[in-house]
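File shown: start-v7.txt (compact mmCIF, C-alpha atoms).
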```txt
# COMPACT_ATOMS: atom_id res chain seq x y z
CA MET A 1 0.00 0.00 0.00
CA GLN A 2 1.18 3.45 -0.87
CA THR A 3 2.27 5.60 2.06
CA SER A 4 3.79 9.06 2.24
CA THR A 5 6.53 10.63 4.33
CA ASN A 6 5.53 14.22 3.61
CA ARG A 7 1.72 14.39 3.62
CA PHE A 8 -1.53 12.59 4.38
CA LEU A 9 -2.84 10.68 1.38
CA THR A 10 -6.61 10.70 0.84
CA THR A 11 -9.03 7.92 -0.05
CA HIS A 12 -12.60 6.83 0.63
CA ALA A 13 -14.46 3.62 1.43
CA GLY A 14 -15.58 2.63 -2.07
CA SER A 15 -19.13 3.30 -3.16
CA LEU A 16 -19.81 6.62 -4.85
CA PRO A 17 -23.01 8.15 -6.28
CA ARG A 18 -24.42 6.34 -9.29
CA SER A 19 -26.09 8.24 -12.10
CA GLU A 20 -29.89 8.36 -12.07
CA THR A 21 -29.95 6.20 -15.20
CA LEU A 22 -27.71 3.55 -13.68
CA THR A 23 -29.60 3.58 -10.39
CA ALA A 24 -32.92 3.00 -12.12
CA LEU A 25 -31.53 0.10 -14.14
CA GLN A 26 -29.88 -1.60 -11.17
CA VAL A 27 -32.93 -1.20 -8.94
CA ALA A 28 -35.10 -2.68 -11.69
CA GLN A 29 -32.70 -5.58 -12.16
CA SER A 30 -32.63 -6.27 -8.42
CA ARG A 31 -36.43 -6.54 -8.45
CA GLY A 32 -36.39 -9.13 -11.20
CA GLU A 33 -37.40 -6.82 -14.04
CA ALA A 34 -35.98 -7.24 -17.53
CA VAL A 35 -33.04 -4.88 -18.19
CA ASP A 36 -31.28 -4.43 -21.51
CA ALA A 37 -27.69 -5.63 -21.02
CA THR A 38 -26.24 -3.19 -23.56
CA GLU A 39 -28.00 -0.24 -21.94
CA LEU A 40 -26.81 -1.33 -18.49
CA ALA A 41 -23.20 -1.71 -19.65
CA ALA A 42 -23.26 1.75 -21.22
CA ALA A 43 -24.69 3.27 -18.04
CA VAL A 44 -22.00 1.57 -15.94
CA ALA A 45 -19.23 2.89 -18.20
CA ALA A 46 -20.57 6.46 -18.24
CA SER A 47 -21.14 6.53 -14.49
CA THR A 48 -17.69 5.05 -13.77
CA GLU A 49 -16.03 7.67 -15.94
CA ALA A 50 -17.91 10.39 -14.05
CA VAL A 51 -16.87 9.16 -10.62
CA ILE A 52 -13.23 8.92 -11.70
CA GLU A 53 -13.34 12.55 -12.88
CA ASN A 54 -15.07 13.67 -9.69
CA GLN A 55 -12.55 11.90 -7.45
CA ILE A 56 -9.68 13.58 -9.25
CA ALA A 57 -11.37 16.98 -9.02
CA ALA A 58 -11.95 16.48 -5.28
CA GLY A 59 -8.29 15.69 -4.62
CA ILE A 60 -8.52 11.95 -3.91
CA ASP A 61 -5.13 10.22 -4.08
CA ILE A 62 -6.19 6.58 -3.76
CA GLY A 63 -9.25 6.13 -5.94
CA ASN A 64 -11.47 3.42 -7.33
CA ASN A 65 -14.31 2.74 -9.77
CA GLY A 66 -16.99 3.77 -7.29
CA GLU A 67 -18.54 0.27 -7.37
CA GLN A 68 -20.63 1.43 -10.31
CA ALA A 69 -20.84 -2.04 -11.88
CA ARG A 70 -22.54 -3.49 -8.79
CA GLU A 71 -26.10 -3.12 -7.52
CA SER A 72 -24.80 -3.05 -3.94
CA PHE A 73 -21.62 -3.78 -2.07
CA PHE A 74 -22.47 -7.46 -1.55
CA THR A 75 -25.71 -8.65 -3.20
CA TYR A 76 -24.04 -8.45 -6.62
CA VAL A 77 -22.41 -11.80 -5.88
CA GLN A 78 -25.67 -13.49 -6.86
CA HIS A 79 -24.75 -12.69 -10.49
CA ARG A 80 -21.27 -14.22 -10.15
CA MET A 81 -21.84 -17.17 -7.83
CA SER A 82 -24.08 -20.21 -7.96
CA GLY A 83 -26.57 -21.18 -5.28
CA PHE A 84 -28.54 -17.99 -4.67
CA GLY A 85 -32.28 -17.48 -5.04
CA GLY A 86 -35.44 -16.65 -3.12
CA THR A 87 -35.56 -14.00 -0.40
CA SER A 88 -33.78 -13.75 2.94
CA ARG A 89 -35.32 -12.62 6.21
CA ARG A 90 -32.70 -10.25 7.58
CA PRO A 91 -32.90 -9.67 11.36
CA ALA A 92 -33.80 -6.11 12.32
CA PHE A 93 -31.13 -3.75 13.59
CA GLN A 94 -31.58 -3.34 17.33
CA ASP A 95 -31.31 0.45 17.31
CA MET A 96 -34.16 0.57 14.80
CA ILE A 97 -36.36 -1.56 17.04
CA ARG A 98 -35.70 0.79 19.96
CA TYR A 99 -36.89 3.84 18.04
CA PRO A 100 -40.06 3.25 16.00
CA GLY A 101 -40.20 6.99 15.33
CA TRP A 102 -36.93 6.71 13.43
CA ILE A 103 -38.33 3.82 11.39
CA ARG A 104 -41.36 5.89 10.37
CA LEU A 105 -39.08 8.77 9.41
CA LYS A 106 -36.34 6.99 7.45
CA ILE A 107 -37.46 3.58 6.17
CA PRO A 108 -39.55 5.01 3.28
CA ASP A 109 -36.36 6.64 1.96
CA TYR A 110 -34.46 3.35 2.02
CA GLN A 111 -37.26 1.34 0.39
CA ARG A 112 -36.78 3.14 -2.93
CA GLY A 113 -33.49 1.41 -3.67
CA VAL A 114 -31.97 -2.04 -3.83
CA SER A 115 -33.06 -3.89 -0.70
CA LEU A 116 -30.27 -5.19 1.52
CA ALA A 117 -32.81 -6.56 4.01
CA THR A 118 -34.39 -8.97 1.50
CA ALA A 119 -31.32 -10.26 -0.31
CA PRO A 120 -31.39 -13.68 -1.99
CA GLN A 121 -30.81 -16.83 0.05
CA ALA A 122 -28.18 -19.51 -0.35
CA GLN A 123 -30.32 -22.35 -1.66
CA GLY A 124 -27.53 -24.45 -3.16
CA ALA A 125 -23.78 -24.90 -3.19
CA VAL A 126 -22.04 -21.52 -3.42
CA ARG A 127 -19.30 -21.44 -6.06
CA TYR A 128 -17.77 -18.69 -8.19
CA VAL A 129 -19.09 -19.77 -11.59
CA ASN A 130 -19.36 -16.58 -13.68
CA ARG A 131 -16.20 -14.50 -14.03
CA GLU A 132 -17.55 -12.45 -16.92
CA PRO A 133 -18.97 -9.59 -14.80
CA LEU A 134 -15.78 -9.49 -12.70
CA ASP A 135 -13.49 -9.43 -15.73
CA ALA A 136 -15.67 -6.81 -17.44
CA GLU A 137 -15.62 -4.60 -14.34
CA LEU A 138 -11.84 -4.75 -13.99
CA ALA A 139 -11.23 -4.30 -17.72
CA GLY A 140 -13.59 -1.35 -17.90
CA PHE A 141 -11.86 0.35 -14.97
CA ALA A 142 -8.45 -0.27 -16.54
CA ASP A 143 -9.56 1.17 -19.87
CA LEU A 144 -10.88 4.35 -18.28
CA LEU A 145 -7.71 4.79 -16.21
CA GLU A 146 -5.58 4.36 -19.33
CA GLN A 147 -7.68 6.88 -21.26
CA LYS A 148 -7.30 9.39 -18.44
CA LYS A 149 -3.56 8.75 -18.24
CA ARG A 150 -3.11 9.35 -21.98
CA ALA A 151 -5.18 12.54 -21.87
CA ASP A 152 -3.37 14.04 -18.88
CA ARG A 153 0.02 12.38 -19.43
CA ALA A 154 -0.01 11.26 -15.81
CA ASP A 155 -1.61 8.58 -13.67
CA PRO A 156 -4.94 9.88 -12.35
CA PHE A 157 -4.31 8.40 -8.88
CA VAL A 158 -1.33 7.68 -6.68
CA GLU A 159 -2.82 4.21 -6.23
CA THR A 160 -6.08 2.40 -6.97
CA PHE A 161 -8.24 0.02 -4.97
CA VAL A 162 -11.21 -2.24 -5.67
CA THR A 163 -13.60 -3.54 -3.03
CA ALA A 164 -14.97 -7.01 -2.32
CA PRO A 165 -17.19 -8.23 0.52
CA SER A 166 -16.16 -10.43 3.40
CA PRO A 167 -17.71 -13.90 3.60
CA GLY A 168 -19.25 -12.81 6.90
CA ILE A 169 -21.50 -10.08 5.54
CA ILE A 170 -22.82 -12.40 2.84
CA ALA A 171 -23.41 -15.21 5.35
CA ALA A 172 -25.23 -12.88 7.75
CA ALA A 173 -27.38 -11.03 5.20
CA MET A 174 -27.96 -13.73 2.56
CA GLU A 175 -29.71 -16.40 4.58
CA ASP A 176 -28.50 -19.99 4.44
CA THR A 177 -31.05 -22.68 3.60
CA PHE A 178 -28.54 -25.16 2.15
CA TYR A 179 -25.50 -25.72 4.38
CA GLY A 180 -27.31 -25.88 7.69
CA ASP A 181 -24.19 -24.68 9.48
CA LEU A 182 -22.94 -21.10 9.63
CA ASP A 183 -19.27 -22.08 9.79
CA ALA A 184 -19.59 -24.29 6.71
CA TYR A 185 -21.41 -21.51 4.83
CA ILE A 186 -18.70 -18.98 5.71
CA GLU A 187 -15.97 -21.36 4.59
CA ALA A 188 -17.68 -22.02 1.25
CA LEU A 189 -18.03 -18.28 0.71
CA GLY A 190 -14.38 -17.73 1.53
CA VAL A 191 -13.34 -20.30 -1.08
CA ALA A 192 -15.62 -18.67 -3.67
CA LEU A 193 -14.50 -15.13 -2.87
CA LYS A 194 -10.84 -16.08 -3.29
CA THR A 195 -11.46 -15.93 -7.06
CA GLU A 196 -12.47 -12.29 -6.78
CA TYR A 197 -9.78 -11.34 -4.27
CA ASP A 198 -7.06 -12.85 -6.46
CA ALA A 199 -8.39 -11.18 -9.62
CA ILE A 200 -8.42 -7.72 -8.00
CA HIS A 201 -4.84 -8.20 -6.81
CA ALA A 202 -3.70 -9.55 -10.18
CA ALA A 203 -5.16 -6.46 -11.85
CA GLY A 204 -2.78 -4.31 -9.80
CA HIS A 205 -5.22 -2.82 -7.29
CA VAL A 206 -5.17 -2.74 -3.53
CA LEU A 207 -7.90 -5.11 -2.32
CA GLN A 208 -10.33 -3.51 0.11
CA LEU A 209 -12.33 -6.02 2.13
CA ASP A 210 -15.73 -4.68 3.18
CA CYS A 211 -16.39 -6.22 6.59
CA PRO A 212 -19.30 -4.44 8.31
CA ASP A 213 -20.18 -7.86 9.71
CA LEU A 214 -17.24 -7.66 12.11
CA ALA A 215 -19.01 -4.84 13.97
CA MET A 216 -22.60 -4.45 12.71
CA GLU A 217 -23.69 -8.07 13.17
CA ARG A 218 -23.35 -7.70 16.94
CA HIS A 219 -26.59 -5.70 16.94
CA THR A 220 -28.15 -7.61 14.05
CA TYR A 221 -27.50 -11.32 13.48
CA PHE A 222 -26.13 -11.74 17.03
CA ALA A 223 -28.45 -9.26 18.73
CA ASN A 224 -29.86 -11.81 21.16
CA ARG A 225 -26.62 -13.63 21.85
CA SER A 226 -23.47 -12.96 23.86
CA ASP A 227 -20.29 -11.09 23.01
CA THR A 228 -18.50 -14.43 23.19
CA GLU A 229 -20.69 -15.95 20.48
CA PHE A 230 -20.31 -12.88 18.29
CA LEU A 231 -16.54 -12.79 18.67
CA ARG A 232 -16.34 -16.48 17.79
CA PHE A 233 -18.19 -15.61 14.55
CA ALA A 234 -15.84 -12.69 13.89
CA ASP A 235 -12.76 -14.83 14.48
CA HIS A 236 -14.09 -17.53 12.14
CA VAL A 237 -14.77 -14.95 9.42
CA ILE A 238 -11.25 -13.57 9.79
CA ALA A 239 -9.78 -17.08 9.55
CA SER A 240 -11.77 -17.64 6.36
CA ILE A 241 -10.53 -14.32 4.96
CA ASP A 242 -6.96 -15.18 5.83
CA ALA A 243 -7.27 -18.46 3.94
CA ALA A 244 -8.67 -16.65 0.92
CA LEU A 245 -5.77 -14.17 1.04
CA SER A 246 -3.13 -16.90 0.90
CA ASP A 247 -1.74 -15.66 -2.43
CA ILE A 248 -1.92 -11.91 -1.72
CA PRO A 249 0.71 -10.00 0.30
CA LYS A 250 -0.89 -8.40 3.33
CA ASP A 251 0.49 -4.97 2.39
CA ARG A 252 -1.86 -5.08 -0.63
CA VAL A 253 -4.99 -5.52 1.51
CA ARG A 254 -6.94 -3.10 3.65
CA MET A 255 -9.95 -4.09 5.75
CA HIS A 256 -12.93 -1.77 6.18
CA VAL A 257 -15.01 -2.28 9.32
CA CYS A 258 -18.11 -0.27 10.24
CA TRP A 259 -21.29 -0.46 12.27
CA GLY A 260 -23.73 0.03 9.38
CA ASN A 261 -23.84 2.90 6.93
CA TYR A 262 -27.20 4.43 7.82
CA ASN A 263 -28.32 7.59 9.57
CA GLY A 264 -29.75 5.90 12.66
CA PRO A 265 -29.34 6.01 16.45
CA HIS A 266 -26.46 3.46 16.59
CA ASP A 267 -26.73 3.22 20.37
CA ALA A 268 -26.69 -0.58 20.14
CA ASP A 269 -23.26 -0.63 18.43
CA VAL A 270 -20.57 -2.84 19.90
CA PRO A 271 -17.61 -0.78 21.19
CA LEU A 272 -14.41 -0.83 19.15
CA ALA A 273 -12.59 -1.98 22.29
CA THR A 274 -14.51 -5.26 22.17
CA ILE A 275 -13.67 -6.13 18.56
CA LEU A 276 -10.23 -4.55 18.05
CA PRO A 277 -8.28 -7.57 19.42
CA SER A 278 -9.92 -9.71 16.72
CA LEU A 279 -9.47 -7.15 13.94
CA ILE A 280 -5.74 -6.79 14.44
CA ARG A 281 -5.25 -10.54 14.00
CA ALA A 282 -6.40 -10.33 10.37
CA ASN A 283 -3.59 -10.75 7.85
CA VAL A 284 -4.06 -7.28 6.34
CA GLY A 285 -1.87 -4.22 6.02
CA ALA A 286 -4.41 -1.60 7.07
CA LEU A 287 -7.59 -1.18 9.05
CA MET A 288 -10.17 1.30 7.77
CA LEU A 289 -12.36 2.45 10.66
CA SER A 290 -15.31 4.79 11.18
CA MET A 291 -14.09 7.64 13.36
CA ALA A 292 -16.12 10.68 12.27
CA ASN A 293 -19.67 9.77 13.27
CA PRO A 294 -20.90 10.87 16.72
CA ARG A 295 -21.04 7.32 18.11
CA HIS A 296 -17.42 6.33 17.45
CA ALA A 297 -15.45 9.58 17.15
CA HIS A 298 -13.89 9.07 20.59
CA GLU A 299 -12.42 5.64 19.88
CA TYR A 300 -9.31 6.96 18.15
CA HIS A 301 -7.60 6.79 21.55
CA LEU A 302 -7.54 2.98 21.24
CA LEU A 303 -5.21 3.18 18.23
CA THR A 304 -1.99 3.09 20.21
CA PRO A 305 1.31 1.34 19.46
CA GLY A 306 0.41 -1.11 22.20
CA ASN A 307 -2.91 -2.00 20.56
CA LEU A 308 -1.82 -2.14 16.90
CA PRO A 309 0.70 -4.45 15.24
CA ASP A 310 3.94 -2.82 14.13
CA GLY A 311 3.56 -1.33 10.67
CA MET A 312 -0.22 -1.69 10.42
CA LEU A 313 -1.69 1.38 8.71
CA VAL A 314 -4.93 3.07 9.71
CA VAL A 315 -7.30 4.57 7.17
CA ALA A 316 -9.10 6.93 9.51
CA GLY A 317 -12.70 7.79 8.73
CA VAL A 318 -12.71 11.57 9.19
CA ILE A 319 -15.77 12.27 7.01
CA ASP A 320 -19.27 11.13 8.07
CA THR A 321 -21.04 9.45 5.13
CA THR A 322 -24.56 9.66 6.57
CA THR A 323 -24.99 13.42 7.04
CA ASN A 324 -25.23 16.30 4.57
CA TYR A 325 -23.08 18.52 6.77
CA VAL A 326 -19.88 19.33 4.88
CA GLU A 327 -17.08 19.00 7.40
CA HIS A 328 -14.89 22.05 7.86
CA PRO A 329 -11.29 21.36 6.77
CA GLU A 330 -10.15 22.35 10.26
CA VAL A 331 -12.35 19.61 11.73
CA VAL A 332 -10.84 17.09 9.32
CA ALA A 333 -7.33 18.27 10.21
CA GLU A 334 -7.99 17.99 13.95
CA ARG A 335 -9.35 14.47 13.54
CA LEU A 336 -6.26 13.41 11.61
CA GLN A 337 -4.02 15.01 14.23
CA ARG A 338 -5.74 13.10 17.06
CA VAL A 339 -5.42 9.75 15.29
CA SER A 340 -1.78 10.44 14.41
CA GLU A 341 -0.93 11.40 17.96
CA ALA A 342 -2.55 8.23 19.30
CA ILE A 343 -0.57 6.04 16.89
CA GLY A 344 2.55 8.14 17.32
CA ASP A 345 3.40 8.24 13.62
CA PRO A 346 1.50 10.26 10.97
CA THR A 347 3.08 8.20 8.17
CA ARG A 348 0.87 5.29 9.27
CA VAL A 349 -2.34 7.27 8.77
CA ILE A 350 -4.37 7.73 5.57
CA ALA A 351 -7.33 10.14 5.47
CA GLY A 352 -10.59 8.42 4.57
CA THR A 353 -14.34 8.30 5.03
CA ASP A 354 -16.44 6.36 7.52
CA CYS A 355 -18.06 4.26 4.81
CA GLY A 356 -19.29 4.50 1.22
CA PHE A 357 -21.77 7.05 -0.06
CA ASP A 358 -23.94 4.76 -2.22
CA THR A 359 -23.70 1.30 -0.68
CA ALA A 360 -26.68 0.10 -2.72
CA ALA A 361 -28.28 1.65 -5.77
CA GLY A 362 -30.90 4.12 -4.53
CA PHE A 363 -29.78 3.75 -0.89
CA ARG A 364 -28.11 7.03 -0.06
CA ASP A 365 -28.24 9.55 2.80
CA VAL A 366 -26.04 12.25 1.22
CA ALA A 367 -26.91 14.26 -1.91
CA GLU A 368 -24.56 13.70 -4.82
CA ASP A 369 -23.23 17.25 -5.02
CA VAL A 370 -22.65 17.22 -1.26
CA VAL A 371 -20.63 14.00 -1.60
CA TRP A 372 -18.07 15.74 -3.81
CA ALA A 373 -17.96 18.75 -1.47
CA LYS A 374 -17.27 16.43 1.47
CA LEU A 375 -14.42 14.74 -0.42
CA ARG A 376 -12.98 18.15 -1.28
CA ALA A 377 -13.12 19.02 2.43
CA LEU A 378 -11.30 15.75 3.12
CA ALA A 379 -8.47 16.77 0.79
CA ASP A 380 -8.33 20.32 2.17
CA GLY A 381 -8.28 19.08 5.75
CA ALA A 382 -5.58 16.53 4.96
CA ALA A 383 -3.47 19.32 3.48
CA LEU A 384 -3.85 21.40 6.66
CA ALA A 385 -2.91 18.47 8.87
CA SER A 386 0.05 17.71 6.62
CA GLU A 387 1.43 21.21 7.10
CA ARG A 388 1.28 20.74 10.86
CA LEU A 389 2.55 17.19 11.27
CA PHE A 390 5.03 16.58 8.44
```
Take the structure from the file and write it as structure tokens.
Amino acid sequence: MQTSTNRFLTTHAGSLPRSETLTALQVAQSRGEAVDATELAAAVAASTEAVIENQIAAGIDIGNNGEQARESFFTYVQHRMSGFGGTSRRPAFQDMIRYPGWIRLKIPDYQRGVSLATAPQAQGAVRYVNREPLDAELAGFADLLEQKKRADRADPFVETFVTAPSPGIIAAAMEDTFYGDLDAYIEALGVALKTEYDAIHAAGHVLQLDCPDLAMERHTYFANRSDTEFLRFADHVIASIDAALSDIPKDRVRMHVCWGNYNGPHDADVPLATILPSLIRANVGALMLSMANPRHAHEYHLLTPGNLPDGMLVVAGVIDTTTNYVEHPEVVAERLQRVSEAIGDPTRVIAGTDCGFDTAAGFRDVAEDVVWAKLRALADGAALASERLF
């Protein structure tokens, strides 16, 4: 992973606003409606080109394709893997249950997009059987990067990354009706996902693992069970990930962990202190953590040399992805300073966002034009902090 000795590099967590055309097509496809493949491919290409341009304009150093080719950050696997069909029954988030007023206020907004609560089930053996969408996504991203490089006579980004889900989030949100054992389901998913992990690495990108399950499932899938049971799940997921990463150097992998990318109460979230000992055992080069939202902004103090392995980087979420407030650059700079002081080394810190901005087509809390303003504030704040700490 690219680091810097003279400034904070900037990145984000992956998903970026889709065009209205692409959103409509992906929502329709997710609901089982017929979608013209040529029209969808054209919409993906146009929307990907736009998010590349907007990242560059905002000052993002480590950029990606915005996940434009995918209907959501994990349900897209149904188009690449065998075994999925029907409809899952996702457990409710505990903070939502506590506040029915919040449900009445926000759920209608979320119901307009791709549903993550009613994802397909695993009804058969899960295997990676269709590489065509994966290869097309990576080739399309490469083509657009090359076009931009030729036009500007320079690489558009310092480094690129591509995301892929953890086996845990799929196992928790895409209900198992075939394996009959959560551990066996996770292991099968890990084997299948290795195809995607390896392809992303072979294409020259940093692999970002999206692992909200390692925090969020405490108040969802494991809401009525103990911390011990949840941590056993988390440790098993991490072991499955490590097996899938057997052919990828850990310094080419970053792991994103969050408590759910929605504008809710979050007062049922598991503390970072509970899960951090498990997270640091993962064979990855960087942890990407939510540190801007009001529920977890204080937990930066846990990121000490005594709590982190030597050399592990931290991609600090210093931009909240669920509010339309545009953070002041000074706020961003102060957040980066606090994280750097806790770790004791600013060269181990990358400036990032709490989560993605468009985790599923049509599922978004932040207006598109505000997204780009927030990323510009990220870059401006990183520059301020760089002047002070480097």
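Of the residues listed (A:Leu145, A:Leu279, A:Ile60, A:Ala172), A:Ile60 shows the shortest atom-to-atom separation from Gly14 (chain A); distances use all atoms listed in the file.
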Give one line per residue of region 236-320 of chain A that approaches region 91-106 of chain A to at most 10 Å, naming the two atoms of the closest pair and their distance in Å to one decimal, counting all atoms listed in the file; sort by chain then ascending residue number and deliver it as JSON lines.
```
{"residue": "A:Gly260", "atom": "CA", "partner": "A:Phe93", "partner_atom": "CA", "distance": 9.3}
{"residue": "A:Tyr262", "atom": "CA", "partner": "A:Lys106", "partner_atom": "CA", "distance": 9.5}
{"residue": "A:Asn263", "atom": "CA", "partner": "A:Lys106", "partner_atom": "CA", "distance": 8.3}
{"residue": "A:Gly264", "atom": "CA", "partner": "A:Met96", "partner_atom": "CA", "distance": 7.2}
{"residue": "A:Pro265", "atom": "CA", "partner": "A:Asp95", "partner_atom": "CA", "distance": 6.0}
{"residue": "A:His266", "atom": "CA", "partner": "A:Asp95", "partner_atom": "CA", "distance": 5.8}
{"residue": "A:Asp267", "atom": "CA", "partner": "A:Asp95", "partner_atom": "CA", "distance": 6.2}
{"residue": "A:Ala268", "atom": "CA", "partner": "A:Asp95", "partner_atom": "CA", "distance": 5.5}
{"residue": "A:Asp269", "atom": "CA", "partner": "A:Asp95", "partner_atom": "CA", "distance": 8.2}
```
* Of the candidates A:Asn64, A:Ser72, A:Asn307, A:Thr21, which shows the shortest atom-to-atom distance to Ala42 (chain A), using only C-alpha atoms? ->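 Of all the options, A:Thr21 lies closest to Ala42 (chain A).
Pairwise distance (CA of Ser386 (chain A), CA of Arg7 (chain A)) equals 4.8 Å.
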Can you check which parts of region 73-165 of chain A lie within 12 Å of region 48-53 of chain A? Per residue, the shortest pair of atoms and distance in Å to one decimal, counting only C-alpha atoms, sorted by chain and number, as a tab-separated table.
```
residue	atom	partner	partner_atom	distance
A:Glu137	CA	A:Thr48	CA	9.9
A:Leu138	CA	A:Thr48	CA	11.4
A:Gly140	CA	A:Thr48	CA	8.7
A:Phe141	CA	A:Thr48	CA	7.6
A:Ala142	CA	A:Glu49	CA	11.0
A:Asp143	CA	A:Glu49	CA	10.0
A:Leu144	CA	A:Glu49	CA	6.6
A:Leu145	CA	A:Ile52	CA	8.2
A:Glu146	CA	A:Glu49	CA	11.5
A:Gln147	CA	A:Glu49	CA	9.9
A:Lys148	CA	A:Glu53	CA	8.8
A:Lys149	CA	A:Ile52	CA	11.7
A:Asp152	CA	A:Glu53	CA	11.7
A:Asp155	CA	A:Ile52	CA	11.8
A:Pro156	CA	A:Ile52	CA	8.4
A:Phe157	CA	A:Ile52	CA	9.4
A:Thr160	CA	A:Ile52	CA	10.8
```
* Asked: Taking all atoms listed in the file into account, which of A:Glu175, A:Ala136, A:Gln337, A:Ser166 comes nearest Gln121 (chain A)?
  ->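 Result for the nearest residue to Gln121 (chain A): A:Glu175.
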Could you write region 68-84 of chain A as a CSV table (one decimal), keeping the file's coordinate frame, with N, CA and C atoms rebuilt where they are missing?
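What ended up in out.csv:
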```csv
chain,number,residue,atom,x,y,z
A,68,GLN,N,-19.5,1.1,-9.4
A,68,GLN,CA,-20.6,1.4,-10.3
A,68,GLN,C,-21.2,0.2,-11.0
A,69,ALA,N,-20.4,-0.8,-11.2
A,69,ALA,CA,-20.8,-2.0,-11.9
A,69,ALA,C,-21.7,-3.0,-11.0
A,70,ARG,N,-21.9,-2.6,-9.7
A,70,ARG,CA,-22.5,-3.5,-8.8
A,70,ARG,C,-23.8,-2.9,-8.2
A,71,GLU,N,-24.8,-3.6,-8.1
A,71,GLU,CA,-26.1,-3.1,-7.5
A,71,GLU,C,-26.0,-2.7,-6.1
A,72,SER,N,-25.1,-3.4,-5.3
A,72,SER,CA,-24.8,-3.0,-3.9
A,72,SER,C,-23.4,-3.6,-3.6
A,73,PHE,N,-23.0,-3.4,-2.4
A,73,PHE,CA,-21.6,-3.8,-2.1
A,73,PHE,C,-21.5,-5.3,-1.8
A,74,PHE,N,-22.6,-6.0,-1.7
A,74,PHE,CA,-22.5,-7.5,-1.6
A,74,PHE,C,-23.5,-8.3,-2.3
A,75,THR,N,-24.7,-7.8,-2.5
A,75,THR,CA,-25.7,-8.6,-3.2
A,75,THR,C,-25.4,-8.9,-4.7
A,76,TYR,N,-24.4,-8.2,-5.2
A,76,TYR,CA,-24.0,-8.4,-6.6
A,76,TYR,C,-23.5,-9.8,-6.8
A,77,VAL,N,-23.0,-10.5,-5.7
A,77,VAL,CA,-22.4,-11.8,-5.9
A,77,VAL,C,-23.4,-12.8,-6.4
A,78,GLN,N,-24.7,-12.6,-6.3
A,78,GLN,CA,-25.7,-13.5,-6.9
A,78,GLN,C,-25.5,-13.6,-8.4
A,79,HIS,N,-24.9,-12.6,-9.0
A,79,HIS,CA,-24.8,-12.7,-10.5
A,79,HIS,C,-23.4,-13.4,-10.9
A,80,ARG,N,-22.6,-13.6,-9.9
A,80,ARG,CA,-21.3,-14.2,-10.2
A,80,ARG,C,-21.1,-15.6,-9.5
A,81,MET,N,-21.9,-15.9,-8.5
A,81,MET,CA,-21.8,-17.2,-7.8
A,81,MET,C,-23.1,-18.0,-8.0
A,82,SER,N,-22.9,-19.3,-7.9
A,82,SER,CA,-24.1,-20.2,-8.0
A,82,SER,C,-24.7,-20.3,-6.6
A,83,GLY,N,-25.9,-20.8,-6.5
A,83,GLY,CA,-26.6,-21.2,-5.3
A,83,GLY,C,-27.6,-20.2,-4.7
A,84,PHE,N,-27.7,-19.0,-5.3
A,84,PHE,CA,-28.5,-18.0,-4.7
A,84,PHE,C,-29.9,-17.9,-5.4
```
